[in-house]
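Asker: This is entry_0.txt, which holds compact mmCIF, C-alpha atoms:
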# COMPACT_ATOMS: atom_id res chain seq x y z
CA MET J 1 0.00 0.00 0.00
CA PRO J 2 1.43 3.41 -0.92
CA PRO J 3 2.20 5.78 1.94
CA ARG J 4 -0.60 8.11 2.91
CA MET J 5 -0.14 11.62 1.56
CA HIS J 6 -1.51 14.88 2.75
CA ASP J 7 -1.16 18.43 1.51
CA ILE J 8 -0.45 21.48 3.56
CA HIS J 9 -0.70 25.12 2.60
CA LEU J 10 2.39 27.29 2.90
CA ASP J 11 2.66 31.02 2.87
CA ALA J 12 6.30 31.37 1.88
CA LYS J 13 7.74 34.62 0.61
CA ASP J 14 7.13 35.25 -3.09
CA LEU J 15 10.52 35.65 -4.74
CA PHE J 16 9.22 38.14 -7.22
CA LYS J 17 7.71 40.26 -4.45
CA ARG J 18 11.17 40.34 -2.89
CA GLN J 19 12.52 41.69 -6.20
CA LEU J 20 9.76 44.30 -6.25
CA GLU J 21 10.60 45.39 -2.70
CA LEU J 22 14.28 45.79 -3.57
CA ALA J 23 13.32 47.72 -6.72
CA GLU J 24 11.00 49.97 -4.72
CA HIS J 25 13.84 50.64 -2.30
CA ASN J 26 16.05 51.78 -5.22
CA TYR J 27 13.22 53.88 -6.62
CA GLN J 28 12.73 55.68 -3.31
CA ARG J 29 16.46 56.26 -2.91
CA LEU J 30 16.64 57.79 -6.41
CA LYS J 31 13.51 59.91 -5.86
CA GLY J 32 14.92 61.09 -2.56
CA ARG J 33 17.87 62.58 -4.45
CA GLY J 34 15.72 63.87 -7.30
CA VAL J 35 17.25 61.44 -9.85
CA ARG J 36 15.25 60.07 -12.78
CA ALA J 37 16.46 56.63 -13.82
CA PHE J 38 16.06 54.50 -16.92
CA ASN J 39 16.75 50.81 -17.45
CA VAL J 40 18.23 50.36 -20.93
CA MET J 41 17.99 46.79 -22.18
CA GLY J 42 18.80 45.10 -25.47
CA ALA J 43 20.88 42.44 -27.14
CA ILE J 44 24.67 42.46 -27.29
CA GLY J 45 25.75 44.98 -29.91
CA SER J 46 22.35 46.63 -30.29
CA GLY J 47 23.90 50.03 -29.57
CA LYS J 48 22.83 50.66 -25.97
CA THR J 49 26.07 52.31 -24.88
CA LEU J 50 26.36 54.72 -27.79
CA LEU J 51 22.68 55.63 -27.54
CA ILE J 52 23.14 56.46 -23.86
CA VAL J 53 26.24 58.53 -24.65
CA GLN J 54 24.33 60.41 -27.37
CA MET J 55 21.39 61.07 -25.05
CA ALA J 56 23.82 62.25 -22.39
CA GLN J 57 25.44 64.75 -24.78
CA VAL J 58 22.08 66.26 -25.68
CA LEU J 59 21.03 66.43 -22.03
CA LYS J 60 24.37 67.92 -20.99
CA ALA J 61 23.91 70.71 -23.53
CA ARG J 62 20.59 71.43 -21.81
CA GLY J 63 22.26 71.63 -18.43
CA VAL J 64 21.12 68.20 -17.22
CA ARG J 65 23.72 66.18 -15.28
CA VAL J 66 23.89 62.56 -16.41
CA GLY J 67 25.23 59.42 -14.80
CA ALA J 68 25.41 55.86 -16.06
CA ILE J 69 25.86 52.37 -14.70
CA ALA J 70 27.57 49.98 -17.09
CA GLY J 71 26.16 46.51 -16.47
CA ASP J 72 28.21 43.76 -18.02
CA VAL J 73 29.16 40.18 -17.29
CA ALA J 74 32.83 41.16 -17.27
CA GLY J 75 35.15 43.98 -18.31
CA ASP J 76 35.01 47.75 -18.07
CA ASP J 77 34.83 48.78 -21.73
CA ASP J 78 31.42 50.43 -21.50
CA TYR J 79 32.37 52.05 -18.21
CA ARG J 80 35.40 53.61 -19.88
CA ARG J 81 33.21 54.82 -22.78
CA PHE J 82 30.91 56.55 -20.29
CA ARG J 83 33.86 58.12 -18.47
CA GLU J 84 35.41 59.32 -21.73
CA ALA J 85 32.08 60.95 -22.59
CA GLY J 86 32.28 62.85 -19.31
CA LEU J 87 29.56 60.97 -17.44
CA VAL J 88 29.53 60.15 -13.76
CA ALA J 89 29.79 56.39 -14.10
CA ALA J 90 30.00 53.11 -12.23
CA ASN J 91 30.93 49.69 -13.50
CA LEU J 92 28.75 46.76 -12.46
CA ASN J 93 30.13 43.37 -13.39
CA THR J 94 27.67 40.59 -12.69
CA GLY J 95 30.28 37.83 -12.82
CA ASP J 96 28.41 35.55 -15.21
CA GLN J 97 24.90 36.52 -14.16
CA CYS J 98 22.89 37.22 -17.28
CA HIS J 99 21.00 40.27 -15.99
CA LEU J 100 21.18 43.10 -13.48
CA ASP J 101 19.01 42.86 -10.41
CA ALA J 102 17.74 45.42 -7.92
CA HIS J 103 20.04 44.13 -5.22
CA GLY J 104 23.24 44.68 -7.25
CA VAL J 105 22.05 48.06 -8.51
CA GLY J 106 21.23 49.03 -4.91
CA HIS J 107 24.87 48.54 -3.93
CA VAL J 108 26.03 50.74 -6.80
CA LEU J 109 23.56 53.45 -5.80
CA GLU J 110 25.20 53.55 -2.39
CA GLU J 111 28.52 54.43 -4.04
CA LEU J 112 27.42 56.75 -6.85
CA PRO J 113 27.41 60.47 -6.00
CA LEU J 114 23.66 60.81 -6.61
CA ASN J 115 23.64 64.47 -5.60
CA GLU J 116 25.84 65.19 -8.64
CA ILE J 117 23.40 63.81 -11.19
CA ASP J 118 19.85 64.45 -12.39
CA VAL J 119 19.45 61.46 -14.70
CA LEU J 120 20.80 57.94 -14.41
CA PHE J 121 20.93 55.48 -17.30
CA ILE J 122 21.38 51.90 -16.20
CA GLU J 123 22.70 49.81 -19.06
CA ASN J 124 21.64 46.23 -18.52
CA VAL J 125 23.61 43.13 -19.56
CA GLY J 126 23.22 42.44 -23.28
CA ASN J 127 20.38 39.92 -23.21
CA LEU J 128 16.73 39.91 -24.29
CA VAL J 129 15.61 37.10 -22.00
CA CYS J 130 16.50 37.43 -18.33
CA PRO J 131 16.40 41.21 -17.68
CA ALA J 132 12.63 41.08 -18.27
CA ASP J 133 12.11 39.38 -14.92
CA PHE J 134 14.10 41.81 -12.77
CA PRO J 135 12.75 45.31 -12.15
CA LEU J 136 15.45 47.71 -11.01
CA GLY J 137 13.38 50.57 -9.61
CA THR J 138 13.65 52.88 -12.62
CA ASP J 139 11.15 55.43 -13.94
CA ALA J 140 10.91 53.73 -17.32
CA ASP J 141 12.31 50.79 -19.24
CA VAL J 142 13.78 51.16 -22.71
CA VAL J 143 14.62 48.29 -25.01
CA VAL J 144 17.00 48.81 -27.92
CA VAL J 145 16.83 46.54 -30.93
CA SER J 146 19.06 47.09 -33.96
CA VAL J 147 17.93 46.30 -37.48
CA THR J 148 21.02 44.12 -37.92
CA GLU J 149 19.48 41.61 -35.48
CA GLY J 150 16.68 40.92 -37.95
CA ASP J 151 13.08 42.02 -38.33
CA ASP J 152 11.71 39.19 -36.19
CA MET J 153 13.28 40.10 -32.85
CA VAL J 154 10.02 41.24 -31.23
CA ARG J 155 8.42 37.89 -32.05
CA LYS J 156 11.42 35.99 -30.78
CA HIS J 157 11.48 37.72 -27.39
CA PRO J 158 7.89 38.80 -26.82
CA LYS J 159 7.95 38.97 -23.04
CA ILE J 160 10.60 41.64 -22.74
CA PHE J 161 9.00 43.78 -25.44
CA ALA J 162 5.54 43.37 -23.90
CA GLN J 163 6.69 44.91 -20.63
CA THR J 164 8.81 47.91 -21.68
CA ASP J 165 7.84 51.55 -22.09
CA VAL J 166 9.91 52.59 -25.10
CA LEU J 167 11.37 50.70 -28.07
CA ALA J 168 14.34 52.26 -29.85
CA ILE J 169 14.85 50.62 -33.25
CA ASN J 170 18.51 51.41 -33.78
CA LYS J 171 20.92 51.41 -36.73
CA VAL J 172 18.08 52.31 -39.10
CA ASP J 173 20.72 53.78 -41.41
CA LEU J 174 21.87 50.20 -42.03
CA ALA J 175 18.41 48.76 -42.72
CA ALA J 176 18.77 48.74 -46.51
CA PHE J 177 22.17 47.03 -46.32
CA VAL J 178 20.84 44.13 -44.26
CA GLY J 179 17.49 43.91 -46.03
CA VAL J 180 15.38 44.61 -42.97
CA ASP J 181 12.23 46.70 -42.82
CA PRO J 182 12.31 48.52 -39.47
CA HIS J 183 8.56 49.13 -39.71
CA LYS J 184 7.98 45.42 -39.28
CA LEU J 185 9.63 45.57 -35.85
CA ALA J 186 7.54 48.64 -34.98
CA GLU J 187 4.34 46.95 -36.12
CA ASP J 188 5.00 43.82 -34.04
CA TYR J 189 5.82 45.93 -31.00
CA ARG J 190 2.65 48.00 -31.29
CA LYS J 191 0.52 44.85 -31.45
CA LEU J 192 2.21 43.42 -28.40
CA ASN J 193 2.50 46.61 -26.41
CA PRO J 194 -0.17 49.14 -27.43
CA HIS J 195 0.98 51.72 -24.87
CA GLY J 196 4.67 51.48 -25.74
CA LYS J 197 6.38 54.26 -27.70
CA VAL J 198 8.49 53.54 -30.78
CA VAL J 199 11.38 55.59 -32.08
CA PHE J 200 13.75 55.01 -35.01
CA THR J 201 17.34 55.84 -34.16
CA ALA J 202 20.81 55.76 -35.64
CA ALA J 203 23.02 56.28 -32.63
CA ARG J 204 26.19 56.87 -34.66
CA SER J 205 24.77 59.94 -36.40
CA GLY J 206 22.50 60.98 -33.54
CA ARG J 207 19.33 60.51 -35.53
CA GLY J 208 16.24 60.05 -33.38
CA VAL J 209 18.00 60.86 -30.11
CA ASP J 210 15.88 63.98 -29.44
CA GLU J 211 12.71 61.98 -30.08
CA LEU J 212 13.85 59.20 -27.79
CA LEU J 213 14.50 61.73 -25.05
CA ALA J 214 11.06 63.24 -25.62
CA HIS J 215 9.52 59.80 -25.01
CA LEU J 216 11.45 59.65 -21.75
CA GLY J 217 9.97 62.97 -20.71
CA PHE J 218 12.75 65.41 -21.70
CA MET A 20 18.98 31.28 -17.58
CA HIS A 21 18.46 32.44 -14.04
CA GLU A 22 16.58 29.33 -12.98
CA TYR A 23 19.41 28.16 -10.76
CA SER A 24 19.47 31.33 -8.66
CA LEU A 25 15.69 31.40 -8.44
CA ALA A 26 15.60 27.71 -7.45
CA MET A 27 18.14 28.60 -4.76
CA GLY A 28 15.80 31.35 -3.58
CA LEU A 29 12.94 28.85 -3.39
CA VAL A 30 15.08 26.34 -1.48
CA GLU A 31 16.12 29.03 1.02
CA ALA A 32 12.56 30.29 1.44
CA LEU A 33 11.32 26.77 2.11
CA ARG A 34 14.12 25.91 4.53
CA GLU A 35 13.37 29.10 6.43
CA GLU A 36 9.68 28.21 6.50
CA LEU A 37 10.46 24.68 7.74
CA ARG A 38 12.68 26.03 10.50
CA ARG A 39 9.79 28.11 11.78
CA HIS A 40 7.09 25.52 11.12
CA PRO A 41 8.53 22.00 11.03
CA VAL A 42 6.46 19.38 9.26
CA ASN A 43 5.90 15.75 9.98
CA GLY A 44 6.76 13.34 7.19
CA ARG A 45 8.81 13.24 4.02
CA ILE A 46 8.26 16.12 1.58
CA ALA A 47 7.25 14.48 -1.67
CA LYS A 48 6.04 17.48 -3.62
CA VAL A 49 6.60 21.19 -3.39
CA HIS A 50 3.81 23.21 -4.98
CA VAL A 51 4.98 26.36 -6.73
CA ARG A 52 3.05 29.12 -8.46
CA GLN A 53 4.82 30.54 -11.49
CA GLY A 54 3.49 33.62 -13.23
CA GLU A 55 3.26 33.34 -17.00
CA LEU A 56 5.12 36.62 -17.52
CA LEU A 57 8.31 35.18 -16.06
CA VAL A 58 10.81 33.99 -18.62
CA LEU A 59 11.60 30.71 -16.90
CA SER A 60 12.16 27.24 -18.21
CA GLU A 61 10.23 24.71 -16.17
CA GLU A 62 12.71 21.93 -17.02
CA ALA A 63 15.69 24.02 -15.94
CA LEU A 64 13.94 24.96 -12.71
CA GLN A 65 13.19 21.27 -11.99
CA GLU A 66 16.76 20.28 -12.69
CA ALA A 67 18.19 23.07 -10.52
CA TRP A 68 15.82 22.00 -7.73
CA ARG A 69 16.97 18.40 -8.00
CA ILE A 70 20.64 19.36 -7.75
CA LEU A 71 20.22 21.93 -4.97
CA THR A 72 18.19 19.66 -2.73
CA GLN A 73 20.46 16.61 -2.92
CA GLY A 74 21.44 15.21 0.44
CA GLY A 75 19.21 17.44 2.53
CA GLU A 76 15.74 17.26 4.04
CA LEU A 77 14.25 18.18 0.65
CA ALA A 78 16.12 15.44 -1.25
CA GLY A 79 13.91 13.54 -3.64
CA SER A 80 11.16 16.13 -3.54
CA GLU A 81 9.60 17.19 -6.78
CA LEU A 82 8.45 20.61 -7.89
CA ALA A 83 4.81 20.75 -8.93
CA ILE A 84 4.56 23.97 -10.93
CA GLU A 85 1.25 25.67 -11.47
CA LYS A 86 1.25 28.42 -14.09
CA VAL A 87 -0.53 31.60 -13.07
CA ALA A 88 -2.21 33.64 -15.78
CA VAL A 89 -1.78 37.39 -15.97
CA ARG A 90 -4.37 39.49 -14.14
CA VAL A 91 -4.38 43.25 -14.31
CA ARG A 92 -5.98 46.32 -12.80
CA CYS A 93 -6.90 49.19 -15.10
CA GLY A 94 -6.05 52.69 -13.91
CA GLY A 95 -8.70 54.17 -16.19
CA CYS A 96 -11.94 52.20 -15.85
CA GLY A 97 -11.19 50.08 -12.78
CA TYR A 98 -11.37 46.74 -14.62
CA GLN A 99 -9.75 43.83 -12.81
CA GLY A 100 -9.20 40.48 -14.44
CA PRO A 101 -7.42 38.64 -17.25
CA VAL A 102 -6.04 40.23 -20.41
CA GLY A 103 -6.25 39.39 -24.10
CA TYR A 104 -3.59 37.34 -25.88
CA LEU A 105 -1.78 37.75 -29.13
CA SER A 106 -1.89 34.38 -30.78
CA GLU A 107 -1.90 35.00 -34.51
CA GLN A 108 0.36 33.04 -36.78
CA GLY A 109 4.05 33.77 -36.38
CA TRP A 110 3.96 34.41 -32.63
CA HIS A 111 4.51 30.75 -31.69
CA PHE A 112 3.04 31.12 -28.21
CA ALA A 113 0.06 33.09 -26.98
CA VAL A 114 1.51 36.28 -25.51
CA PRO A 115 -0.39 38.38 -22.97
CA VAL A 116 -1.04 41.95 -24.11
CA LEU A 117 -0.77 44.35 -21.18
CA ARG A 118 -3.73 46.55 -22.03
CA CYS A 119 -7.18 46.84 -20.47
CA PRO A 120 -9.46 44.50 -22.46
CA ARG A 121 -12.43 46.73 -21.59
CA CYS A 122 -11.28 50.31 -22.28
CA GLY A 123 -7.82 49.82 -23.81
CA GLY A 124 -6.21 51.78 -20.97
CA ARG A 125 -2.94 51.31 -19.15
CA VAL A 126 -2.88 48.52 -16.64
CA GLU A 127 -0.95 47.41 -13.63
CA VAL A 128 -0.03 43.73 -13.40
CA VAL A 129 -1.44 42.24 -10.18
CA GLU A 130 -0.76 38.58 -10.96
CA GLY A 131 1.45 36.81 -13.46
CA ARG A 132 4.89 37.56 -12.07
CA ASP A 133 4.53 35.28 -9.06
CA LEU A 134 7.14 32.80 -7.99
CA ALA A 135 6.31 31.29 -4.63
CA ILE A 136 5.94 28.03 -2.79
CA VAL A 137 2.30 27.67 -1.85
CA GLY A 138 2.11 24.16 -0.39
CA LEU A 139 3.65 20.79 0.26
CA SER A 140 2.56 17.20 -0.22
CA LEU A 141 3.78 15.10 2.68
CA GLU A 142 4.18 11.37 2.93
CA GLU A 143 3.03 10.53 6.42
CA GLN A 144 5.53 8.62 8.47
CA GLY A 145 4.31 5.52 10.23
CA SER A 146 1.14 5.51 8.17
CA PRO A 147 -0.74 2.22 8.46
CA THR A 148 0.08 -0.30 5.76
For this file, write the structure as structure tokens.
Answerer:
Amino acid sequence: MPPRMHDIHLDAKDLFKRQLELAEHNYQRLKGRGVRAFNVMGAIGSGKTLLIVQMAQVLKARGVRVGAIAGDVAGDDDYRRFREAGLVAANLNTGDQCHLDAHGVGHVLEELPLNEIDVLFIENVGNLVCPADFPLGTDADVVVVSVTEGDDMVRKHPKIFAQTDVLAINKVDLAAFVGVDPHKLAEDYRKLNPHGKVVFTAARSGRGVDELLAHLGF
Amino acid sequence: MHEYSLAMGLVEALREELRRHPVNGRIAKVHVRQGELLVLSEEALQEAWRILTQGGELAGSELAIEKVAVRVRCGGCGYQGPVGYLSEQGWHFAVPVLRCPRCGGRVEVVEGRDLAIVGLSLEEQGSPT
């Protein structure tokens, strides 16, 4: 005879709620210092770093002080790019973790001179899967997709696109060379995320940067 | 691929719970709610659970995962409930669309990002044979 089984109810802590609490803590810390923050996500090589640098240059010209966190598995290349562009910056190596989380960002916020900045761009690890599950406590989430990744990226990673506020379709100046119609990406995104904003950018030339900033409230 | 760290979180949460409220009997199944918005592989979560629980009080236990559908609250019209899904050809899976199905307004997700242990199935020790 099989052993008798019985079920009990448990009220254990929800892991996602824990993430939300940590994110809320970051959000309050940033608000307390009057900093607006943005989580910038996207695949490796989509152009996140250059787009942040370009936004920072425009904001700087308007008298806005910009900081950035360079989230990467390893290395400090993006951090150095931010520093060279004159940004207050911090490097956040995840050591093989495929995404940033609110806990790690919280530690960086303790070290960053938040009273010296008005806007903080947090560049996530290049990945369109895992960052979707980890809110950081930012004002808005931006996802960058470059045309060179193909016109089917929204369909391939629907969950991240469904939950972000702004889509920057980057490297549109290369669209003809790689045979991709950027409007297809925009169309898929609008179906999936009717409240999301779409902007076409070419970070190298600065095209679309003003519009992207407008969608972020600048 | 963050199933391992999340499985570790579940193991720790359960161990903590068991320290405070010990149970009688072998834990055969651990019931977990998983929101459908999470990008998690069920197989990877199961495998991580198996490895992380080896040799301890949870050894041999199995995760029983229940998927939780998205539920939202609309800031505009006050609607609360499920959302519509995008399931036309080319999308492979039905994807929840985070928009109020009644007025089209902006919504807040109230369920669908859950990841929590909600119960246990215990094999009673010394049960009559």
Asker: For atom CA of Leu29 of chain A and atom CA of Thr164 of chain J, determine how far apart the two atoms are, in Å to one decimal place.
Answerer: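 For atom CA of Leu29 of chain A relative to atom CA of Thr164 of chain J, the distance reads 26.7 Å.
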Asker: List as a PyMOL selection string the protein and nucleic acid residues near Arg121 of chain A, meaning an atom at most 9 Å away when all atoms listed in the file are counted, but skip any in the same chain fewer than 5 places from it.
Answerer: chain A and resi 93+96+98
Asker: When you get a sec, could you note down which chain A residues fall within 6 Å of chain J, using only C-alpha atoms, as a PDB file with C-alpha atoms, in the coordinates of the input?
Answerer:
ATOM      1  CA  LEU A  57       8.310  35.180 -16.060  1.00  0.00           C
ATOM      2  CA  TRP A 110       3.960  34.410 -32.630  1.00  0.00           C
ATOM      3  CA  VAL A 116      -1.040  41.950 -24.110  1.00  0.00           C
ATOM      4  CA  ASP A 133       4.530  35.280  -9.060  1.00  0.00           C
ATOM      5  CA  LEU A 134       7.140  32.800  -7.990  1.00  0.00           C
ATOM      6  CA  ALA A 135       6.310  31.290  -4.630  1.00  0.00           C
ATOM      7  CA  ILE A 136       5.940  28.030  -2.790  1.00  0.00           C
ATOM      8  CA  VAL A 137       2.300  27.670  -1.850  1.00  0.00           C
ATOM      9  CA  GLY A 138       2.110  24.160  -0.390  1.00  0.00           C
ATOM     10  CA  LEU A 139       3.650  20.790   0.260  1.00  0.00           C
ATOM     11  CA  SER A 140       2.560  17.200  -0.220  1.00  0.00           C
ATOM     12  CA  LEU A 141       3.780  15.100   2.680  1.00  0.00           C
ATOM     13  CA  GLU A 142       4.180  11.370   2.930  1.00  0.00           C
ATOM     14  CA  GLU A 143       3.030  10.530   6.420  1.00  0.00           C
ATOM     15  CA  THR A 148       0.080  -0.300   5.760  1.00  0.00           C
TER      16      THR A 148
END
Asker: Mind checking which residues fall within 10 Å of segment 76-87 of chain A, counting only C-alpha atoms, ignoring those fewer than 3 positions away in the same chain, and posting them as a ChimeraX atom specification?
Answerer: /A:30,33-34,37,45-57,61,64-66,68-73,90,130-141
Asker: Using Å and a single decimal, report how far atom CA of Lys171 of chain J sits from atom CA of Ala203 of chain J.
Answerer: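 Result for atom CA of Ala203 of chain J versus atom CA of Lys171 of chain J: 6.7 Å, one decimal.
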